[in-house]
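As provided, data.cif (mmCIF, C-alpha atoms) reads as follows.
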data_model
#
loop_
_atom_site.group_PDB
_atom_site.id
_atom_site.type_symbol
_atom_site.label_atom_id
_atom_site.label_comp_id
_atom_site.auth_asym_id
_atom_site.auth_seq_id
_atom_site.Cartn_x
_atom_site.Cartn_y
_atom_site.Cartn_z
ATOM 1 C CA MET A 1433 0.000 0.000 0.000
ATOM 2 C CA PRO A 1434 1.304 3.409 -0.868
ATOM 3 C CA GLU A 1435 2.804 5.553 1.855
ATOM 4 C CA ILE A 1436 1.617 9.078 2.543
ATOM 5 C CA ASP A 1437 3.859 11.427 0.564
ATOM 6 C CA LYS A 1438 2.646 14.720 2.024
ATOM 7 C CA ILE A 1439 0.564 16.016 4.920
ATOM 8 C CA MET A 1440 -1.420 19.194 4.281
ATOM 9 C CA PRO A 1441 -3.910 21.232 6.288
ATOM 10 C CA VAL A 1442 -7.390 21.351 4.784
ATOM 11 C CA THR A 1443 -7.162 25.144 4.431
ATOM 12 C CA ASN A 1444 -4.129 24.765 2.138
ATOM 13 C CA VAL A 1445 -5.881 22.023 0.172
ATOM 14 C CA LYS A 1446 -8.935 24.241 -0.354
ATOM 15 C CA ARG A 1447 -6.796 27.179 -1.441
ATOM 16 C CA ASP A 1448 -4.466 25.243 -3.781
ATOM 17 C CA PHE A 1449 -6.720 22.372 -4.867
ATOM 18 C CA LEU A 1450 -6.150 22.544 -8.646
ATOM 19 C CA GLU A 1451 -2.374 22.808 -8.271
ATOM 20 C CA ILE A 1452 -2.351 19.926 -5.774
ATOM 21 C CA ILE A 1453 -4.338 17.709 -8.155
ATOM 22 C CA LYS A 1454 -1.944 18.574 -10.992
ATOM 23 C CA ASN A 1455 1.098 17.716 -8.848
ATOM 24 C CA MET A 1456 -0.498 14.527 -7.516
ATOM 25 C CA ASN A 1457 -1.033 13.260 -11.051
ATOM 26 C CA GLN A 1458 2.536 14.126 -12.059
ATOM 27 C CA ASP A 1459 4.102 12.591 -8.929
ATOM 28 C CA ASP A 1460 1.494 9.852 -8.340
ATOM 29 C CA SER A 1461 1.532 11.042 -4.738
ATOM 30 C CA THR A 1462 -0.807 10.467 -1.821
ATOM 31 C CA ILE A 1463 -1.691 13.307 0.524
ATOM 32 C CA ALA A 1464 -3.052 13.158 4.058
ATOM 33 C CA VAL A 1465 -5.390 16.068 4.789
ATOM 34 C CA THR A 1466 -5.527 17.414 8.342
ATOM 35 C CA ARG A 1467 -7.812 19.706 10.319
ATOM 36 C CA ASN A 1468 -6.377 21.204 13.489
ATOM 37 C CA GLY A 1469 -3.440 18.819 13.152
ATOM 38 C CA GLU A 1470 -5.640 15.690 13.074
ATOM 39 C CA PRO A 1471 -5.930 13.524 9.936
ATOM 40 C CA VAL A 1472 -9.397 13.791 8.349
ATOM 41 C CA GLY A 1473 -8.888 12.386 4.876
ATOM 42 C CA VAL A 1474 -6.594 11.114 2.180
ATOM 43 C CA MET A 1475 -6.235 12.257 -1.419
ATOM 44 C CA MET A 1476 -4.748 9.935 -4.020
ATOM 45 C CA THR A 1477 -4.736 9.443 -7.754
ATOM 46 C CA SER A 1478 -7.456 7.309 -9.267
ATOM 47 C CA ARG A 1479 -4.747 4.850 -10.388
ATOM 48 C CA ARG A 1480 -3.693 4.255 -6.782
ATOM 49 C CA TYR A 1481 -7.290 4.008 -5.613
ATOM 50 C CA GLU A 1482 -8.101 1.400 -8.264
ATOM 51 C CA ALA A 1483 -4.967 -0.583 -7.347
ATOM 52 C CA ILE A 1484 -5.976 -0.587 -3.670
ATOM 53 C CA MET A 1485 -9.514 -1.690 -4.494
ATOM 54 C CA GLU A 1486 -8.178 -4.487 -6.711
ATOM 55 C CA THR A 1487 -5.880 -5.640 -3.903
ATOM 56 C CA ILE A 1488 -8.786 -5.677 -1.444
ATOM 57 C CA GLU A 1489 -10.853 -7.719 -3.894
ATOM 58 C CA ILE A 1490 -8.036 -10.230 -4.366
ATOM 59 C CA LEU A 1491 -7.398 -10.559 -0.635
ATOM 60 C CA GLY A 1492 -11.114 -11.082 -0.070
ATOM 61 C CA ASP A 1493 -11.104 -14.186 -2.289
ATOM 62 C CA ARG A 1494 -10.012 -17.140 -0.146
ATOM 63 C CA GLU A 1495 -9.211 -19.331 -3.159
ATOM 64 C CA VAL A 1496 -6.915 -16.708 -4.654
ATOM 65 C CA VAL A 1497 -5.155 -16.119 -1.317
ATOM 66 C CA GLN A 1498 -4.698 -19.857 -0.851
ATOM 67 C CA SER A 1499 -3.264 -20.146 -4.359
ATOM 68 C CA LEU A 1500 -0.853 -17.275 -3.646
ATOM 69 C CA GLN A 1501 0.253 -18.958 -0.413
ATOM 70 C CA GLU A 1502 0.842 -22.232 -2.247
ATOM 71 C CA SER A 1503 2.827 -20.404 -4.931
ATOM 72 C CA ALA A 1504 4.979 -18.726 -2.284
ATOM 73 C CA GLU A 1505 5.634 -22.108 -0.681
ATOM 74 C CA ASP A 1506 6.541 -23.621 -4.069
ATOM 75 C CA PHE A 1507 8.988 -20.774 -4.680
ATOM 76 C CA LYS A 1508 10.542 -21.153 -1.237
ATOM 77 C CA GLU A 1509 10.983 -24.909 -1.818
ATOM 78 C CA GLY A 1510 12.535 -24.342 -5.250
ATOM 79 C CA ARG A 1511 9.626 -25.795 -7.215
ATOM 80 C CA VAL A 1512 9.918 -23.251 -10.027
ATOM 81 C CA TYR A 1513 10.342 -23.283 -13.802
ATOM 82 C CA SER A 1514 12.113 -20.951 -16.218
ATOM 83 C CA ASP A 1515 10.258 -19.158 -19.012
ATOM 84 C CA ASP A 1516 11.711 -21.555 -21.549
ATOM 85 C CA GLU A 1517 10.570 -24.621 -19.608
ATOM 86 C CA VAL A 1518 7.013 -23.286 -19.326
ATOM 87 C CA TRP A 1519 6.684 -22.390 -23.018
ATOM 88 C CA GLU A 1520 8.189 -25.651 -24.364
#

Written as structure tokens, how would this file's structure read?
Amino acid sequence: MPEIDKIMPVTNVKRDFLEIIKNMNQDDSTIAVTRNGEPVGVMMTSRRYEAIMETIEILGDREVVQSLQESAEDFKEGRVYSDDEVWE
């Protein structure tokens, strides 16, 4: 999951919103928004949001998670194949 790149007070976000959005898209950054020093929200690019939602969907599927765990175990035990071996 992406880390927070910047922390900004809501008053600054309101004042500089269009510039912040432009910079976020260029940097693919994530911004925590605060009010009175307390976090109240997070701003991120739609690409990051979609990636997070996809990850949540994958982790919510027990069969997929089990398959990933089995794959990790296979890798750890050396049960792997090269590209050439797979495509033969």

- Judged by all atoms listed in the file, the minimum distance to Val1442 of chain A among A:Val1465, A:Val1474, A:Ile1490, A:Met1456 is found for A:Val1465

- Choose the residue, out of A:Ala1483, A:Val1496, A:Met1476, A:Ile1439, that has the smallest atom-to-atom separation from Ala1464 of chain A; count all atoms listed in the file. A:Ile1439

- Message: Using Å and a single decimal, report how far atom CA of Met1440 of chain A sits from atom CA of Ser1461 of chain A.
- Response: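 Distance reported for this atom pair: 12.5 Å.
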
- Message: What's the separation between atom CA of Pro1441 of chain A and atom CA of Arg1467 of chain A, in Å to one decimal place?
- Response: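 Straight-line distance from atom CA of Pro1441 of chain A to atom CA of Arg1467 of chain A works out to 5.8 Å.
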
- Task: Please write as a list in words the full residue list that the PyMOL selection byres ((chain A and resi 1452) around 12) yields on this file.
- Result: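 Selected by the PyMOL selection byres ((chain A and resi 1452) around 12) in this file: Lys1438, Ile1439, Met1440, Val1442, Asn1444, Val1445, Lys1446, Arg1447, Asp1448, Phe1449, Leu1450, Glu1451, Ile1453, Lys1454, Asn1455, Met1456, Asn1457, Gln1458, Asp1459, Asp1460, Ser1461, Thr1462, Ile1463, Ala1464, Val1465, Met1475, Met1476 and Thr1477 of chain A.
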
With C-alpha atoms kept, could you save the residues just selected as a PDB file, in the coordinates of the input?
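Done, and the output landed in part.pdb:
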ATOM      1  CA  LYS A1438       2.646  14.720   2.024  1.00  0.00           C
ATOM      2  CA  ILE A1439       0.564  16.016   4.920  1.00  0.00           C
ATOM      3  CA  MET A1440      -1.420  19.194   4.281  1.00  0.00           C
ATOM      4  CA  VAL A1442      -7.390  21.351   4.784  1.00  0.00           C
ATOM      5  CA  ASN A1444      -4.129  24.765   2.138  1.00  0.00           C
ATOM      6  CA  VAL A1445      -5.881  22.023   0.172  1.00  0.00           C
ATOM      7  CA  LYS A1446      -8.935  24.241  -0.354  1.00  0.00           C
ATOM      8  CA  ARG A1447      -6.796  27.179  -1.441  1.00  0.00           C
ATOM      9  CA  ASP A1448      -4.466  25.243  -3.781  1.00  0.00           C
ATOM     10  CA  PHE A1449      -6.720  22.372  -4.867  1.00  0.00           C
ATOM     11  CA  LEU A1450      -6.150  22.544  -8.646  1.00  0.00           C
ATOM     12  CA  GLU A1451      -2.374  22.808  -8.271  1.00  0.00           C
ATOM     13  CA  ILE A1453      -4.338  17.709  -8.155  1.00  0.00           C
ATOM     14  CA  LYS A1454      -1.944  18.574 -10.992  1.00  0.00           C
ATOM     15  CA  ASN A1455       1.098  17.716  -8.848  1.00  0.00           C
ATOM     16  CA  MET A1456      -0.498  14.527  -7.516  1.00  0.00           C
ATOM     17  CA  ASN A1457      -1.033  13.260 -11.051  1.00  0.00           C
ATOM     18  CA  GLN A1458       2.536  14.126 -12.059  1.00  0.00           C
ATOM     19  CA  ASP A1459       4.102  12.591  -8.929  1.00  0.00           C
ATOM     20  CA  ASP A1460       1.494   9.852  -8.340  1.00  0.00           C
ATOM     21  CA  SER A1461       1.532  11.042  -4.738  1.00  0.00           C
ATOM     22  CA  THR A1462      -0.807  10.467  -1.821  1.00  0.00           C
ATOM     23  CA  ILE A1463      -1.691  13.307   0.524  1.00  0.00           C
ATOM     24  CA  ALA A1464      -3.052  13.158   4.058  1.00  0.00           C
ATOM     25  CA  VAL A1465      -5.390  16.068   4.789  1.00  0.00           C
ATOM     26  CA  MET A1475      -6.235  12.257  -1.419  1.00  0.00           C
ATOM     27  CA  MET A1476      -4.748   9.935  -4.020  1.00  0.00           C
ATOM     28  CA  THR A1477      -4.736   9.443  -7.754  1.00  0.00           C
TER      29      THR A1477
END

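Atom CA of Glu1482 of chain A is positioned 28.0 Å from atom CA of Gly1469 of chain A.
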